[in-house]
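A quick write-up on the structure given underneath.
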Amino acid sequence: MITLHINGQMRQFPAVMNLVEFLESLELSGKRIAVEKNGEIVPKSQYLATPVNDGDQLEIVVAVGGG
């Protein structure tokens, strides 16, 4: 089990994974989002190569269209 801080809230997940797998577990795959990991923006091109580890702090912003 790993513990992550997501948008200021602590949540637990079953295993270490990469950012793509993590976003899929939150059902955010395919959505327009921005991710900050431990204070640094992660480019979308790096999601697959970016591990999510116990204690990481993540900020996730979902783009919402409207007008």
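In the structure tokens, the first chain shown is A, the next is B, and so on; residue numbers restart at 1 for each chain, and ligands run from 1 in the order shown.
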What's the 12 Å shell around Ser45 of chain A, counting only C-alpha atoms, without same-chain residues fewer than 5 positions away, as a PyMOL selection string? chain A and resi 19-20+34-35+50
His5 of chain A: which residues within 7 Å, counting only C-alpha atoms, same-chain residues fewer than 4 positions away excluded, as a PyMOL selection string? chain A and resi 9-11+55-58
Kindly save the residues from that selection, with N, CA and C atoms included, as a JSON list (two decimals), in the first residue's frame.
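The result, written out as again_37.json:
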[["chain", "number", "residue", "atom", "x", "y", "z"],
["A", 9, "GLN", "N", -5.43, 15.99, -0.08],
["A", 9, "GLN", "CA", -6.05, 14.91, 0.67],
["A", 9, "GLN", "C", -5.21, 13.64, 0.58],
["A", 10, "MET", "N", -5.08, 12.95, 1.71],
["A", 10, "MET", "CA", -4.33, 11.70, 1.72],
["A", 10, "MET", "C", -5.22, 10.57, 1.22],
["A", 11, "ARG", "N", -4.66, 9.75, 0.30],
["A", 11, "ARG", "CA", -5.38, 8.58, -0.21],
["A", 11, "ARG", "C", -4.40, 7.43, -0.33],
["A", 55, "GLY", "N", 4.23, 8.64, -0.49],
["A", 55, "GLY", "CA", 4.51, 9.96, 0.05],
["A", 55, "GLY", "C", 4.51, 11.09, -0.96],
["A", 56, "ASP", "N", 4.38, 10.78, -2.25],
["A", 56, "ASP", "CA", 4.35, 11.84, -3.26],
["A", 56, "ASP", "C", 3.16, 12.77, -3.04],
["A", 57, "GLN", "N", 3.38, 14.05, -3.38],
["A", 57, "GLN", "CA", 2.31, 15.04, -3.35],
["A", 57, "GLN", "C", 1.96, 15.40, -4.78],
["A", 58, "LEU", "N", 0.69, 15.18, -5.13],
["A", 58, "LEU", "CA", 0.23, 15.42, -6.49],
["A", 58, "LEU", "C", -0.88, 16.44, -6.48]]
Quick one, how far is atom CA of Asn7 of chain A from atom CA of Val61 of chain A?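 Result for atom CA of Asn7 of chain A versus atom CA of Val61 of chain A: 8.7 Å, one decimal.
Atom pair atom CA of Val16 of chain A / atom CA of Ala63 of chain A has a distance of 26.3 Å (rounded to one decimal).
For the choices A:Glu27, A:Val52, A:Gly66, A:Asn38, the atom-to-atom distance to Pro14 of chain A is smallest for A:Val52 when using only C-alpha atoms.
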Name all residues at most 12 Å from Leu48 of chain A (count only C-alpha atoms; drop same-chain ones fewer than 3 positions away) and give them as a ChimeraX atom specification. /A:17-24,42-45,51-52
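Assigned to strand (DSSP E or B) in chain A, given DSSP computed from backbone atoms, are Ile2, Thr3, Leu4, His5, Ile6, Gln9, Met10, Arg11, Gln12, Phe13, Met17, Asn18, Ile33, Ala34, Val35, Glu36, Lys37, Glu40, Ile41, Val42, Pro51, Val52, Gln57, Leu58, Glu59, Ile60, Val61 and Val62 of chain A.
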Of the candidates A:Ile60, A:Ala15, A:Leu4, A:Leu28, which shows the shortest atom-to-atom distance to Ile41 of chain A, using only C-alpha atoms?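 Comparing A:Ile60, A:Ala15, A:Leu4, A:Leu28 against Ile41 of chain A, the winner is A:Ile60.
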Using only C-alpha atoms for the distances, tell me which of A:Gly8, A:Asn53, A:Val64, A:Met1 is nearest to Ile33 of chain A.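 Among A:Gly8, A:Asn53, A:Val64, A:Met1, it is A:Val64 that comes nearest to Ile33 of chain A.
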Got a sec to tell me which of chain A DSSP assigns to helix (DSSP H, G or I), as a list in words?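 Result set for chain A (helix (DSSP H, G or I)): Leu19, Val20, Glu21, Phe22, Leu23, Glu24, Ser25, Lys44, Ser45 and Gln46 of chain A.
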Include C-alpha atoms and write out the residues we just selected as an mmCIF file, in the first residue's frame.
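Output saved as again-v4.cif:
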data_model
loop_
_atom_site.group_PDB
_atom_site.id
_atom_site.type_symbol
_atom_site.label_atom_id
_atom_site.label_comp_id
_atom_site.auth_asym_id
_atom_site.auth_seq_id
_atom_site.Cartn_x
_atom_site.Cartn_y
_atom_site.Cartn_z
ATOM 1 C CA LEU A 19 1.579 8.270 -13.675
ATOM 2 C CA VAL A 20 -0.433 6.789 -16.579
ATOM 3 C CA GLU A 21 -1.601 3.843 -14.441
ATOM 4 C CA PHE A 22 -2.361 6.187 -11.558
ATOM 5 C CA LEU A 23 -4.525 8.470 -13.713
ATOM 6 C CA GLU A 24 -6.325 5.426 -15.139
ATOM 7 C CA SER A 25 -7.118 4.296 -11.577
ATOM 8 C CA LYS A 44 2.247 14.749 -20.601
ATOM 9 C CA SER A 45 5.003 13.185 -22.697
ATOM 10 C CA GLN A 46 6.650 12.026 -19.434
#
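Atom pair atom CA of Asp54 of chain A / atom CA of Ile2 of chain A has a distance of 4.6 Å (rounded to one decimal).
Minimum distance to Ile6 of chain A across A:Glu59, A:Gly65, A:Lys37, A:Ala49 (counting only C-alpha atoms) occurs at A:Glu59.
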